[in-house]
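> The structure follows.
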Amino acid sequence: MAKQLKAIKCPQCGSPQKTLVKEDQYICQSCETEYFLDNDDIHIHVKYHNLEQQSQPQRSDSRPIIKIYLGIAIGLTMVCVVLFSLLSKSPTTRIVTITQPADKLKVDAEMCFPLLDTQKNIFFSLVAKKRGAADDPQESEDPEAGYFAVFTDLNSNKVIKESRIDFHSKVNRFSISMGRGWKQRQFEDGNIYLILNQRELFRLNPDSLSIDPVSPEFFSRHKEFQSGIATIEFTPENNESGFNILTNDGGNIFYYPIVDKAYVHDEIYSARRFMNSLLKKHKEKVVYQFTGIWPTSNQDRIELLKVIYQDNIGGPKYTINKLNWADEYDDKSRNHVGPTRKIKDQEEHRIVSFKSLTDADRTYFSPSVFYYDEKNLFIKVQANASPDAEYNLQKIDTNTGAVIWVIPAKNMTEMYPLGDGFLIKKSCHDLSEIDAQGQIKNTHTLGNEG
């Protein structure tokens, strides 16, 4: 009997799309249901596989998972590209400059004194400027460091001029040279000279308030200096107006510019001593000195003497720094039997006469002559025998030795005449003025020391 079914649809999903497996058996192309026709061409039978197969869901779409993996892959690729670009770049050095504040400029006074021959009360200081203890004014490259001449008006305590001192000689601070640094001396004609490192000579000009270098022509009148000057310093006798010069050819010359005389080393000993070597313009002068304290002797009594001597003005002289009594010589026993009332080396010092200014009951404790001039005499002594006793400044009558007045001398280092009174220096920034009676008139605190 012929089959009359025109179109067979899937009994599961209704799709007519099917695949013929064998005669009268089909598989749905949509849901994969297998079905077949009965022999009566009317009944359709569905074939179910197992429960697990029946319960399986339809095949899901895998595109979201692919997108996730693709995103991860793209992300990893980008990370790798970034890391590679960072690592492949050439290293860059970053320089960070930290600016430290400069050390405060330190100012130290090398020397200081008043300009006595000027009408104004001007105080001079030579100062060294540097930054910190490790800096050195002779070697520093700091444009603000170096040596400076400072002139202060004591009437106002204000600096009226400050100028850098140009110099050429430099001696390392670790050098064993004893001549490193500055030294100064005022000569008998009023000229003030300064020497740096035993190499350079300067003159202080009180008119222009400047420190001027002394040219080689200063020594040109003497053939002894034709080879040139190797070193220069002041003569060892501290009241002489002279220079001790080592020439380039090894000569040791003593030069006295006031009298314009040069002496070789073998000539200087006799030129300083005895009356027969005096120059034409010599004259009598007075010096005050203590006896019997160099060295101290229990048998010698300390006395203050007023000594008159012949001064070789501007020329060589044997400085009277200490006085001792000469021993008496006994011709019979050929022994020195004790001190006499004669000063030791009296002829060598060109001493004309002397006078004791010490009363029989006067005792001095650690005395020294502090300052004297033609009219005034000041001594510095301890108040008693204790090593810790304070020092006093005593004004002494130049004829009798009597004490006129006494004031404490704590920290006093130098004394200068100033107007009708005196200027007392304790340091280069601590000064006091006293009148003729020892009363303090004024004090000065100068800003020339750090």
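How things are named: the first chain in the structure tokens is A, the next is B, and so on; residues count from 1 in each chain; ligands count from 1 in the order shown.
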From range 108-284 of chain A, collect each residue whose DSSP state is helix (DSSP H, G or I) and return the set as a ChimeraX atom specification.
/A:216-219,223-225,265-272,275-277
> Could you save those same residues with N, CA and C atoms as a PDB file, in the first residue's frame?

ATOM      1  N   PRO A 216     110.961  97.145  45.274  1.00  0.00           N
ATOM      2  CA  PRO A 216     112.383  96.781  45.403  1.00  0.00           C
ATOM      3  C   PRO A 216     113.320  97.980  45.366  1.00  0.00           C
ATOM      4  N   GLU A 217     112.866  99.103  44.774  1.00  0.00           N
ATOM      5  CA  GLU A 217     113.711 100.298  44.720  1.00  0.00           C
ATOM      6  C   GLU A 217     114.049 100.829  46.110  1.00  0.00           C
ATOM      7  N   PHE A 218     113.285 100.404  47.105  1.00  0.00           N
ATOM      8  CA  PHE A 218     113.532 100.817  48.485  1.00  0.00           C
ATOM      9  C   PHE A 218     114.939 100.414  48.928  1.00  0.00           C
ATOM     10  N   PHE A 219     115.462  99.318  48.351  1.00  0.00           N
ATOM     11  CA  PHE A 219     116.785  98.802  48.741  1.00  0.00           C
ATOM     12  C   PHE A 219     117.834  99.016  47.647  1.00  0.00           C
ATOM     13  N   LYS A 223     124.489  97.903  47.011  1.00  0.00           N
ATOM     14  CA  LYS A 223     124.881  96.798  46.140  1.00  0.00           C
ATOM     15  C   LYS A 223     124.671  95.440  46.800  1.00  0.00           C
ATOM     16  N   GLU A 224     124.571  95.413  48.122  1.00  0.00           N
ATOM     17  CA  GLU A 224     124.378  94.135  48.822  1.00  0.00           C
ATOM     18  C   GLU A 224     123.062  93.459  48.427  1.00  0.00           C
ATOM     19  N   PHE A 225     122.100  94.248  47.901  1.00  0.00           N
ATOM     20  CA  PHE A 225     120.788  93.684  47.578  1.00  0.00           C
ATOM     21  C   PHE A 225     120.589  93.462  46.078  1.00  0.00           C
ATOM     22  N   HIS A 265     126.594  90.411  58.548  1.00  0.00           N
ATOM     23  CA  HIS A 265     126.412  89.727  59.832  1.00  0.00           C
ATOM     24  C   HIS A 265     127.611  89.917  60.763  1.00  0.00           C
ATOM     25  N   ASP A 266     128.806  89.927  60.208  1.00  0.00           N
ATOM     26  CA  ASP A 266     129.998  90.041  61.054  1.00  0.00           C
ATOM     27  C   ASP A 266     130.172  91.446  61.634  1.00  0.00           C
ATOM     28  N   GLU A 267     129.475  92.423  61.090  1.00  0.00           N
ATOM     29  CA  GLU A 267     129.629  93.797  61.548  1.00  0.00           C
ATOM     30  C   GLU A 267     128.594  94.201  62.590  1.00  0.00           C
ATOM     31  N   ILE A 268     127.483  93.488  62.662  1.00  0.00           N
ATOM     32  CA  ILE A 268     126.354  93.969  63.447  1.00  0.00           C
ATOM     33  C   ILE A 268     126.608  93.913  64.951  1.00  0.00           C
ATOM     34  N   TYR A 269     127.390  92.959  65.418  1.00  0.00           N
ATOM     35  CA  TYR A 269     127.612  92.832  66.865  1.00  0.00           C
ATOM     36  C   TYR A 269     128.249  94.101  67.420  1.00  0.00           C
ATOM     37  N   SER A 270     129.319  94.539  66.847  1.00  0.00           N
ATOM     38  CA  SER A 270     130.003  95.736  67.352  1.00  0.00           C
ATOM     39  C   SER A 270     129.225  97.005  67.022  1.00  0.00           C
ATOM     40  N   ALA A 271     128.435  97.012  65.952  1.00  0.00           N
ATOM     41  CA  ALA A 271     127.657  98.201  65.600  1.00  0.00           C
ATOM     42  C   ALA A 271     126.567  98.477  66.628  1.00  0.00           C
ATOM     43  N   ARG A 272     126.152  97.463  67.354  1.00  0.00           N
ATOM     44  CA  ARG A 272     125.102  97.626  68.361  1.00  0.00           C
ATOM     45  C   ARG A 272     125.655  97.982  69.744  1.00  0.00           C
ATOM     46  N   MET A 275     130.278 102.661  73.098  1.00  0.00           N
ATOM     47  CA  MET A 275     130.148 104.067  72.720  1.00  0.00           C
ATOM     48  C   MET A 275     130.860 104.385  71.409  1.00  0.00           C
ATOM     49  N   ASN A 276     131.928 103.672  71.118  1.00  0.00           N
ATOM     50  CA  ASN A 276     132.748 104.041  69.960  1.00  0.00           C
ATOM     51  C   ASN A 276     132.072 103.734  68.618  1.00  0.00           C
ATOM     52  N   SER A 277     130.944 103.011  68.640  1.00  0.00           N
ATOM     53  CA  SER A 277     130.254 102.702  67.382  1.00  0.00           C
ATOM     54  C   SER A 277     129.003 103.562  67.180  1.00  0.00           C
TER      55      SER A 277
END
> Write out as a ChimeraX atom specification the residues lying within 12 Å of range 348-351 of chain A, counting only C-alpha atoms and excluding same-chain residues fewer than 3 positions away.
/A:269-278,282-287,306-312,316-323,342-345,354-355
> Can you write out the residues you just picked, keeping C-alpha atoms, as a PDB file, in the first residue's frame?

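Once written, out.pdb looks like this:
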ATOM      1  CA  TYR A 269     127.612  92.832  66.865  1.00  0.00           C
ATOM      2  CA  SER A 270     130.003  95.736  67.352  1.00  0.00           C
ATOM      3  CA  ALA A 271     127.657  98.201  65.600  1.00  0.00           C
ATOM      4  CA  ARG A 272     125.102  97.626  68.361  1.00  0.00           C
ATOM      5  CA  ARG A 273     127.455  97.908  71.321  1.00  0.00           C
ATOM      6  CA  PHE A 274     129.813 100.330  73.047  1.00  0.00           C
ATOM      7  CA  MET A 275     130.148 104.067  72.720  1.00  0.00           C
ATOM      8  CA  ASN A 276     132.748 104.041  69.960  1.00  0.00           C
ATOM      9  CA  SER A 277     130.254 102.702  67.382  1.00  0.00           C
ATOM     10  CA  LEU A 278     127.643 105.418  67.919  1.00  0.00           C
ATOM     11  CA  HIS A 282     122.826 109.730  68.683  1.00  0.00           C
ATOM     12  CA  LYS A 283     121.282 111.243  71.808  1.00  0.00           C
ATOM     13  CA  GLU A 284     120.515 110.413  75.414  1.00  0.00           C
ATOM     14  CA  LYS A 285     117.290 108.596  76.188  1.00  0.00           C
ATOM     15  CA  VAL A 286     115.594 107.117  79.242  1.00  0.00           C
ATOM     16  CA  VAL A 287     114.449 103.540  79.742  1.00  0.00           C
ATOM     17  CA  LYS A 306     115.582 104.649  85.679  1.00  0.00           C
ATOM     18  CA  VAL A 307     118.414 104.269  83.155  1.00  0.00           C
ATOM     19  CA  ILE A 308     119.928 106.966  80.949  1.00  0.00           C
ATOM     20  CA  TYR A 309     121.737 105.640  77.868  1.00  0.00           C
ATOM     21  CA  GLN A 310     123.042 106.800  74.503  1.00  0.00           C
ATOM     22  CA  ASP A 311     120.514 105.883  71.808  1.00  0.00           C
ATOM     23  CA  ASN A 312     121.734 105.244  68.270  1.00  0.00           C
ATOM     24  CA  PRO A 316     121.817  99.496  65.542  1.00  0.00           C
ATOM     25  CA  LYS A 317     121.338  99.223  69.311  1.00  0.00           C
ATOM     26  CA  TYR A 318     121.595  96.588  72.017  1.00  0.00           C
ATOM     27  CA  THR A 319     118.123  96.535  73.538  1.00  0.00           C
ATOM     28  CA  ILE A 320     117.914  96.768  77.312  1.00  0.00           C
ATOM     29  CA  ASN A 321     115.332  94.037  77.871  1.00  0.00           C
ATOM     30  CA  LYS A 322     116.723  92.938  81.200  1.00  0.00           C
ATOM     31  CA  LEU A 323     119.074  94.310  83.811  1.00  0.00           C
ATOM     32  CA  LYS A 342     127.027  98.244  88.681  1.00  0.00           C
ATOM     33  CA  ILE A 343     124.791  96.985  85.905  1.00  0.00           C
ATOM     34  CA  LYS A 344     125.971  93.948  84.035  1.00  0.00           C
ATOM     35  CA  ASP A 345     127.069  94.777  80.452  1.00  0.00           C
ATOM     36  CA  PHE A 354     120.978 104.934  86.409  1.00  0.00           C
ATOM     37  CA  LYS A 355     118.833 105.646  89.441  1.00  0.00           C
TER      38      LYS A 355
END
> Using only C-alpha atoms, find the one residue out of A:Ile313, A:Leu201, A:Ala145, A:Ile74 that sits nearest to Val259 in chain A.
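Once distances to Val259 in chain A are computed over only C-alpha atoms, the minimum belongs to A:Ile313.
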> In Å, how far is it from CA of Phe370 in chain A to CA of Asp388 in chain A?
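Atom-to-atom, CA of Phe370 in chain A to CA of Asp388 in chain A, that is 19.6 Å.
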> Please run DSSP on the backbone and report, as a PyMOL selection string, all residues within range 158-261 of chain A that come out as strand (DSSP E or B).
chain A and resi 158-164+182-186+192-196+200-205+210-213+229-234+243-247+252-256+261
> Rounded to one decimal place, report the CA of Gly292 in chain A-CA of Trp325 in chain A distance in Å.
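Between CA of Gly292 in chain A and CA of Trp325 in chain A the gap works out to 7.2 Å.
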> Could you work out how far CA of Thr291 in chain A lies from CA of Gly438 in chain A, giving the answer in Å with one decimal?
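CA of Thr291 in chain A lies 26.6 Å from CA of Gly438 in chain A.
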